[in-house]
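Asks: Sharing a structure with you now.
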Amino acid sequence: IFEGLSVGYKYTFSIFATYGGKAHKMTSGESTTTTEGGSETEPKLISTIEDFLAIPNDLTAFYRLENDLDFANADFQNPFGSKQFAGSFDGNNKTIKNLNMNLTTTYIGLFGYNRGTVKNLTVENVTINFNTSTQNIGIIAGKNAGTIENVTIKDSSITAAFSRTGQIYIGGVTGLAETGSKLKDIIVENVDIDLNISGRTEPYVGLLAGRTQATTVTDAAVEGSITVTSMDTTNVGGLIGKIENVGLSGSSITNASANVDVSVDVNITTTTTND
């Protein structure tokens, strides 16, 4: 069984066996992987939790969700880890619900680091709770450089209490939206972010995204609350914590709204000792 192969590719393989203290070539050949998942009209079908958890084995394929997925009795554990999803996931207007994310990985989110497309999906009752240091947290993607479209997030929470030297990005949809990101037709309902950050940590926090860089936002509405306690520079916005252009690439927001209760308590203490 070969895992992690991309669709529509020809691979050359060789099989060796060791006996008598020496390696012997038993056979070799060529094979082309199936075209299933190679196009939007021929996607890999996701029908079970096991199917979803296998997506990191092929990060460039096309996928379509066939059923609602309930993770109430399943172990999610952030399967993408440090991997980058560069495929296309069509939620097919289905729902993924009852996710608990508490394993520290490089990118915290349903798709980890999204460089592809995630669309037509509802996500409900997600709990993200961290007491250990991490940098990129978002319910859909900790970091995004792709497209998130026609996605609704409901009745979810992000809670974090830790210290980390440097910047952290926390958002209801994505923590950090990098250059070229597109966030379109997004609804965030009843989502709460509660952070207690200590030390030289600089949080960027928003119910859509913590920080956007040369990102296009179109038709977005967010509702919920943000509570932040910190000890250093803090960037908080109901919609987006900080919006930036990158070189000649600009950011844009069209038809967006935020109904968010925001509470920020920044307590900066500096001590200088001259001996």
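Scheme for the structure tokens: letters A, B, ... for chains in order shown; per-chain residue numbers from 1; ligand numbers from 1 in order shown.
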Write out as a PDB file with C-alpha atoms, in the first residue's frame which residues come within 8 Å of segment 253-258 of chain A when counting only C-alpha atoms, dropping same-chain ones fewer than 3 positions away.
Replies:
```
ATOM      1  CA  THR A 216      -9.918  40.200  -0.457  1.00  0.00           C
ATOM      2  CA  VAL A 217     -12.941  40.067   1.855  1.00  0.00           C
ATOM      3  CA  THR A 218     -16.395  40.025   0.246  1.00  0.00           C
ATOM      4  CA  ASP A 219     -19.801  39.568   1.910  1.00  0.00           C
ATOM      5  CA  ALA A 220     -18.882  38.694   5.475  1.00  0.00           C
ATOM      6  CA  ALA A 221     -20.919  38.998   8.682  1.00  0.00           C
ATOM      7  CA  VAL A 222     -19.635  38.086  12.133  1.00  0.00           C
ATOM      8  CA  GLU A 223     -21.357  38.007  15.528  1.00  0.00           C
ATOM      9  CA  GLY A 238     -14.497  42.800  15.692  1.00  0.00           C
ATOM     10  CA  LEU A 239     -13.968  41.732  12.090  1.00  0.00           C
TER      11      LEU A 239
END
```
Asks: Do you know which residues are at most 9 Å from Lys119 of chain A counting only C-alpha atoms, after dropping those on the same chain fewer than 4 positions away, and could you put them as a list in words?
Replies: Ser88, Phe89, Asp90, Gly91, Asn92, Asn93, Thr147, Ile148, Glu149, Asn150 and Val151 of chain A
Asks: What separation in Å, quoted to one decimal, exists between atom CA of Val191 of chain A and atom CA of Leu207 of chain A?
Replies: 7.5 Å
Asks: Output as JSON, numbers by chain all residues of segment 41-176 of chain A that backbone DSSP marks as alpha helix (DSSP H).
Replies: {"A": [49, 50, 51, 52, 53]}
Asks: List the spatial neighbours of Tyr107 of chain A as a PyMOL selection string - criterion: any atom at most 10 Å away, only C-alpha atoms, same-chain residues fewer than 3 positions off excluded.
Replies: chain A and resi 78+80-84+104+110-114+134-138+141-144+175
Asks: With a distance cut-off of 10 Å and only C-alpha atoms, select the neighbouring residues of Glu202 of chain A, excluding the residue or stretch itself and same-chain residues fewer than 2 positions from it, and output the selection as a VMD selection string.
Replies: chain A and resid 163 to 169 197 to 200 204 to 205 230 to 235
Asks: By how many Å are atom CA of Ala72 of chain A and atom CA of Ile96 of chain A apart?
Replies: 10.3 Å
Asks: Could you find all residues in segment 142-243 of chain A that DSSP calls strand (DSSP E or B) from the backbone, and write them as a PyMOL selection string?
Replies: chain A and resi 142-144+147-163+166-171+174-177+182-198+201-206+209-213+216-230+235-237+240-243
Asks: Quote the spacing between atom CA of Leu65 of chain A and atom CA of Leu183 of chain A in Å to one decimal place.
Replies: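 It comes out at 20.2 Å.
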Asks: Can you pull out every residue within 8 Å of Val246 of chain A, counting only C-alpha atoms, but drop anything in the same chain fewer than 3 positions away, and send it as number ranges by chain?
Replies: A: 179, 213-214, 249-250
Asks: Could the residues in this selection be saved with N, CA, C and O atoms as an mmCIF file, in the first residue's frame?
Replies:
```cif
data_model
loop_
_atom_site.group_PDB
_atom_site.id
_atom_site.type_symbol
_atom_site.label_atom_id
_atom_site.label_comp_id
_atom_site.auth_asym_id
_atom_site.auth_seq_id
_atom_site.Cartn_x
_atom_site.Cartn_y
_atom_site.Cartn_z
ATOM 1 N N THR A 179 -1.006 36.962 1.708
ATOM 2 C CA THR A 179 -1.202 37.600 0.409
ATOM 3 C C THR A 179 -1.925 36.674 -0.563
ATOM 4 O O THR A 179 -1.536 35.523 -0.743
ATOM 5 N N GLN A 213 -3.300 40.116 5.117
ATOM 6 C CA GLN A 213 -2.268 40.744 4.306
ATOM 7 C C GLN A 213 -2.671 40.621 2.837
ATOM 8 O O GLN A 213 -2.750 39.508 2.314
ATOM 9 N N ALA A 214 -2.915 41.767 2.188
ATOM 10 C CA ALA A 214 -3.317 41.759 0.773
ATOM 11 C C ALA A 214 -4.396 40.707 0.525
ATOM 12 O O ALA A 214 -4.281 39.848 -0.347
ATOM 13 N N SER A 249 0.241 45.106 -3.644
ATOM 14 C CA SER A 249 -0.967 44.288 -3.470
ATOM 15 C C SER A 249 -1.777 44.825 -2.302
ATOM 16 O O SER A 249 -1.298 44.835 -1.155
ATOM 17 N N GLY A 250 -2.993 45.262 -2.594
ATOM 18 C CA GLY A 250 -3.812 45.875 -1.564
ATOM 19 C C GLY A 250 -4.826 44.925 -0.961
ATOM 20 O O GLY A 250 -5.148 43.878 -1.525
#
```
Asks: Need to verify the contact set: segment 20-33 of chain A, 6 Å, only C-alpha atoms, exclusion of same-chain residues closer than 4 positions in sequence. Can you return it as a VMD selection string?
Replies: chain A and resid 7 to 16
Asks: Fewer than 4 positions away in the same chain doesn't count, so skip those; otherwise give me all residues within 7 Å of segment 127-132 of chain A, counting only C-alpha atoms, as a list in words.
Replies: Leu99, Asn100, Met101, Asn102, Ser156, Ser157, Ile158, Thr159, Ala160, Ala161 and Phe162 of chain A
Asks: Find, counting only C-alpha atoms, the residue in A:Ala61, A:Ile108, A:Ile153, A:Val262 that gets nearest to Pro79 of chain A.
Replies: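 For Pro79 of chain A, the nearest of the given residues is A:Ile108.
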